[in-house]
Amino acid sequence: MNRKLYIKTYGCQMNVYDSGRMADVLAPLGFVAATRPEDADMIVLNTCHIREKAAEKLFSDLGRLRPLKLRKTRSGGRLVLAVAGCVAQAEGAEILARAPYVDLVLGPQTYHRLPEMMARLEASGTPVLDTEFPPEPKFDSLPDAQALPGVAAFLSVQEGCDKFCTFCVVPYTRGAEFSRPAGAIIAEARRLVAMGAREITLLGQNVNAYHGDGSGGGSWRLGRLIRALAELPGLARLRYTTSHPGDMDDELIAAHRDVPALMPFLHLPVQSGSDRVLQAMNRRHAVADYRATIARLRTARPDLALSSDFIVGFPGETDEDFKATLALARDIGFAQAFSFKYSPRPGTQAAQRDDQLAEEVKAERLAILQELLEKSQSDFNRSCEGRILPVLFERSGRHPGQLVGRSPYLQWVHAPMPADYRGRIVPIRITAAGTNSLAGEIETAAEAMA
């Protein structure tokens, strides 16, 4: 008999991908998706350690789920409660100590062993903790994807990071860099396309550090992998995220110039506009390097739109450092950007510094930066008014007869559209622009582009 599985995903696109694969791993055990936790026989909280107060948010959610588990037990059933992802990896023992009603705690490198963990749980009745870094790549043990959530799919090509930025826990929670073989990636992409994917986003903690074994021997970098994937029949669009400025090599920049399927949108985190802060962060690039990389990218693809990440209030950040960040953001003109107050992560070098900034200083700086970034995003969106953009429609909108899709620049676009246009790329004349989305209508007498 089918059992119901509910997965709550926190954080990055990599976690979205991992959640889908956990569902695939559990499917042979009879688990099917539940739409709400109240209906579930198993709940997985797939956590992210990047955001502020990640552990506190997890324990808050666990506290809300505990009554569900108790009710299930009283009614003669059983609710398996699992914590997965990066918070589980970093704080597994603490999770079981503070929430002993949790049944499974597993890191992001071990979810392929979920059936084994379930067997151990059922045999012993005691919580299972598995946060080891296994010697075998987890991808070798994962089944083929069972379901495609939409016409746009994620595909993990690289995991881990060797950069060791002083504010970041990823090297400790995801481990060292690992790149999947190109042949395995191409095979998975081909399956996704056969299931209906029109767009694939390649994922990695440091995706442009990709250096997987090539299908014809030797090592491939990301640019070569993108060219091979672009040849798959039926695959219309490619994206990748997240990148490091130090790994934007000539081959990848040339792919932005030469590969029409590679969308003209790039997320390239800079974190700060101050060389002094970048050095303290161990970012391994200077502001001049970042500006030069952007110039090369824009030469290769003049219509390229850019996104970035910023951290304000890093330990020791001065007013002059912050002004340099504002200047960089102003000069580049980001189409999108994400900005955060610095938040100490246990075990990182930056958390141990004695020159932490006051919360009110960080909050004030964040508000100033976000105002600038929001204006930049609004300006970019308004520049699209009157243009005809190819939009890949993914889902129904909030209003009857409306579909919502993505422009090449990753903007959401709302348009009146027949329901059977879902999954098609349609030329849309943009009629209005907001801060976070665009509105448009199909170009007169135009047919679907693909």
# chains A, B, ... in the order shown; residues from 1 in each chain; ligands from 1
$ residues_around --residues "A:Thr435" --least-positions-apart "4" --cutoff "8 Å" --atoms "only C-alpha atoms" --output "MDAnalysis selection string"
chainID A and resid 374 377:378 381
$ write_last_selection --atoms "N, CA and C atoms" --output "PDB file, in the first residue's frame"
ATOM      1  N   GLU A 374      17.373  47.149  -6.015  1.00  0.00           N
ATOM      2  CA  GLU A 374      15.983  47.095  -6.483  1.00  0.00           C
ATOM      3  C   GLU A 374      15.740  48.091  -7.610  1.00  0.00           C
ATOM      4  N   GLN A 377      17.243  46.593 -10.730  1.00  0.00           N
ATOM      5  CA  GLN A 377      16.381  45.553 -11.282  1.00  0.00           C
ATOM      6  C   GLN A 377      15.161  46.156 -11.962  1.00  0.00           C
ATOM      7  N   SER A 378      14.555  47.144 -11.344  1.00  0.00           N
ATOM      8  CA  SER A 378      13.396  47.804 -11.949  1.00  0.00           C
ATOM      9  C   SER A 378      13.766  48.476 -13.264  1.00  0.00           C
ATOM     10  N   ASN A 381      14.101  45.806 -15.901  1.00  0.00           N
ATOM     11  CA  ASN A 381      12.783  45.313 -16.327  1.00  0.00           C
ATOM     12  C   ASN A 381      12.063  46.326 -17.208  1.00  0.00           C
TER      13      ASN A 381
END
$ residues_around --residues "A:Thr242" --least-positions-apart "4" --cutoff "9 Å" --atoms "only C-alpha atoms" --output "ChimeraX atom specification"
/A:202-208,266-269
$ atom_distance --atom1 "atom CA of A:Cys12" --atom2 "atom CA of A:His49"
9.9 Å
$ select_by_dssp --residues "stretch 301-374 of chain A" --states "alpha helix (DSSP H)" --output "PDB file with C-alpha atoms, in the first residue's frame"
ATOM      1  CA  ASP A 319      32.313  52.839   5.606  1.00  0.00           C
ATOM      2  CA  GLU A 320      34.807  53.094   2.743  1.00  0.00           C
ATOM      3  CA  ASP A 321      34.540  49.361   2.052  1.00  0.00           C
ATOM      4  CA  PHE A 322      30.766  49.648   1.897  1.00  0.00           C
ATOM      5  CA  LYS A 323      30.953  52.660  -0.427  1.00  0.00           C
ATOM      6  CA  ALA A 324      33.128  50.565  -2.747  1.00  0.00           C
ATOM      7  CA  THR A 325      30.408  47.893  -2.815  1.00  0.00           C
ATOM      8  CA  LEU A 326      27.799  50.489  -3.724  1.00  0.00           C
ATOM      9  CA  ALA A 327      30.050  51.815  -6.480  1.00  0.00           C
ATOM     10  CA  LEU A 328      30.524  48.346  -7.979  1.00  0.00           C
ATOM     11  CA  ALA A 329      26.805  47.595  -7.883  1.00  0.00           C
ATOM     12  CA  ARG A 330      26.060  50.953  -9.508  1.00  0.00           C
ATOM     13  CA  ASP A 331      28.665  50.482 -12.252  1.00  0.00           C
ATOM     14  CA  ILE A 332      27.731  46.923 -13.238  1.00  0.00           C
ATOM     15  CA  GLU A 359      23.463  44.548  13.955  1.00  0.00           C
ATOM     16  CA  GLU A 360      22.123  48.070  13.483  1.00  0.00           C
ATOM     17  CA  VAL A 361      25.111  48.959  11.267  1.00  0.00           C
ATOM     18  CA  LYS A 362      24.588  45.857   9.153  1.00  0.00           C
ATOM     19  CA  ALA A 363      20.862  46.513   8.862  1.00  0.00           C
ATOM     20  CA  GLU A 364      21.375  50.125   7.784  1.00  0.00           C
ATOM     21  CA  ARG A 365      23.907  49.153   5.124  1.00  0.00           C
ATOM     22  CA  LEU A 366      21.716  46.349   3.835  1.00  0.00           C
ATOM     23  CA  ALA A 367      18.765  48.715   3.426  1.00  0.00           C
ATOM     24  CA  ILE A 368      20.906  51.170   1.429  1.00  0.00           C
ATOM     25  CA  LEU A 369      22.302  48.450  -0.837  1.00  0.00           C
ATOM     26  CA  GLN A 370      18.926  46.820  -1.402  1.00  0.00           C
ATOM     27  CA  GLU A 371      17.395  50.126  -2.439  1.00  0.00           C
ATOM     28  CA  LEU A 372      20.119  50.509  -5.067  1.00  0.00           C
ATOM     29  CA  LEU A 373      19.769  46.904  -6.276  1.00  0.00           C
ATOM     30  CA  GLU A 374      15.983  47.095  -6.483  1.00  0.00           C
TER      31      GLU A 374
END
$ closest_residue --among "A:Met248, A:Ala335, A:Ala97, A:Ala230" --to "A:Ala295" --atoms "only C-alpha atoms"
A:Met248
$ residues_around --residues "A:Arg257" --least-positions-apart "6" --cutoff "9 Å" --atoms "only C-alpha atoms" --output "list of chain:residue names"
A:Leu297, A:Thr299, A:Ala300, A:Arg301, A:Pro302
$ write_last_selection --atoms "C-alpha atoms" --output "CSV table (one decimal), in the first residue's frame"
chain,number,residue,atom,x,y,z
A,297,LEU,CA,31.5,38.4,-20.9
A,299,THR,CA,32.0,41.6,-25.3
A,300,ALA,CA,31.1,37.9,-26.0
A,301,ARG,CA,27.4,38.4,-25.4
A,302,PRO,CA,26.4,42.1,-25.4
$ closest_atom_pairs --of "stretch 159-275 of chain A" --to "stretch 82-92 of chain A" --cutoff "12 Å" --atoms "only C-alpha atoms" --output "Markdown table"
| residue | atom | partner | partner_atom | distance |
| --- | --- | --- | --- | --- |
| A:Gly160 | CA | A:Cys86 | CA | 11.4 |
| A:Cys168 | CA | A:Cys86 | CA | 11.6 |
| A:Val169 | CA | A:Ala90 | CA | 8.4 |
| A:Val170 | CA | A:Cys86 | CA | 7.9 |
| A:Pro171 | CA | A:Cys86 | CA | 10.4 |
| A:Tyr172 | CA | A:Ala90 | CA | 7.5 |
| A:Thr173 | CA | A:Cys86 | CA | 5.3 |
| A:Arg174 | CA | A:Cys86 | CA | 7.1 |
| A:Gly175 | CA | A:Gln89 | CA | 10.2 |
$ decode --residues "stretch 178-199 of chain A" --atoms "N, CA and C atoms" --output "compact mmCIF listing (two decimals), in the first residue's frame"
# COMPACT_ATOMS: atom_id res chain seq x y z
N PHE A 178 33.51 17.70 -6.48
CA PHE A 178 33.35 16.47 -7.24
C PHE A 178 32.56 16.78 -8.49
N SER A 179 33.05 16.35 -9.64
CA SER A 179 32.36 16.56 -10.91
C SER A 179 31.93 15.22 -11.49
N ARG A 180 30.67 15.15 -11.90
CA ARG A 180 30.15 13.93 -12.50
C ARG A 180 30.73 13.73 -13.90
N PRO A 181 30.87 12.50 -14.34
CA PRO A 181 31.33 12.25 -15.71
C PRO A 181 30.36 12.87 -16.72
N ALA A 182 30.92 13.39 -17.81
CA ALA A 182 30.08 14.05 -18.82
C ALA A 182 29.05 13.10 -19.40
N GLY A 183 29.44 11.85 -19.62
CA GLY A 183 28.51 10.88 -20.21
C GLY A 183 27.28 10.66 -19.34
N ALA A 184 27.47 10.61 -18.01
CA ALA A 184 26.34 10.42 -17.11
C ALA A 184 25.42 11.63 -17.12
N ILE A 185 26.00 12.81 -17.21
CA ILE A 185 25.19 14.04 -17.25
C ILE A 185 24.38 14.10 -18.54
N ILE A 186 25.02 13.81 -19.66
CA ILE A 186 24.32 13.84 -20.94
C ILE A 186 23.19 12.82 -20.97
N ALA A 187 23.44 11.63 -20.41
CA ALA A 187 22.40 10.60 -20.37
C ALA A 187 21.22 11.06 -19.51
N GLU A 188 21.49 11.70 -18.36
CA GLU A 188 20.40 12.18 -17.52
C GLU A 188 19.64 13.30 -18.21
N ALA A 189 20.37 14.19 -18.88
CA ALA A 189 19.71 15.27 -19.61
C ALA A 189 18.82 14.71 -20.70
N ARG A 190 19.29 13.68 -21.39
CA ARG A 190 18.48 13.08 -22.46
C ARG A 190 17.19 12.50 -21.89
N ARG A 191 17.27 11.88 -20.69
CA ARG A 191 16.07 11.34 -20.06
C ARG A 191 15.11 12.47 -19.66
N LEU A 192 15.66 13.56 -19.15
CA LEU A 192 14.81 14.69 -18.75
C LEU A 192 14.07 15.27 -19.96
N VAL A 193 14.77 15.38 -21.07
CA VAL A 193 14.14 15.90 -22.28
C VAL A 193 13.04 14.95 -22.76
N ALA A 194 13.31 13.65 -22.68
CA ALA A 194 12.31 12.67 -23.09
C ALA A 194 11.07 12.75 -22.21
N MET A 195 11.24 13.19 -20.96
CA MET A 195 10.11 13.33 -20.04
C MET A 195 9.39 14.67 -20.20
N GLY A 196 9.93 15.56 -21.06
CA GLY A 196 9.24 16.81 -21.32
C GLY A 196 9.99 18.08 -20.97
N ALA A 197 11.21 17.97 -20.48
CA ALA A 197 11.97 19.18 -20.15
C ALA A 197 12.36 19.93 -21.41
N ARG A 198 12.15 21.24 -21.42
CA ARG A 198 12.59 22.09 -22.52
C ARG A 198 13.80 22.91 -22.11
N GLU A 199 13.94 23.13 -20.80
CA GLU A 199 15.04 23.93 -20.27
C GLU A 199 15.69 23.16 -19.13
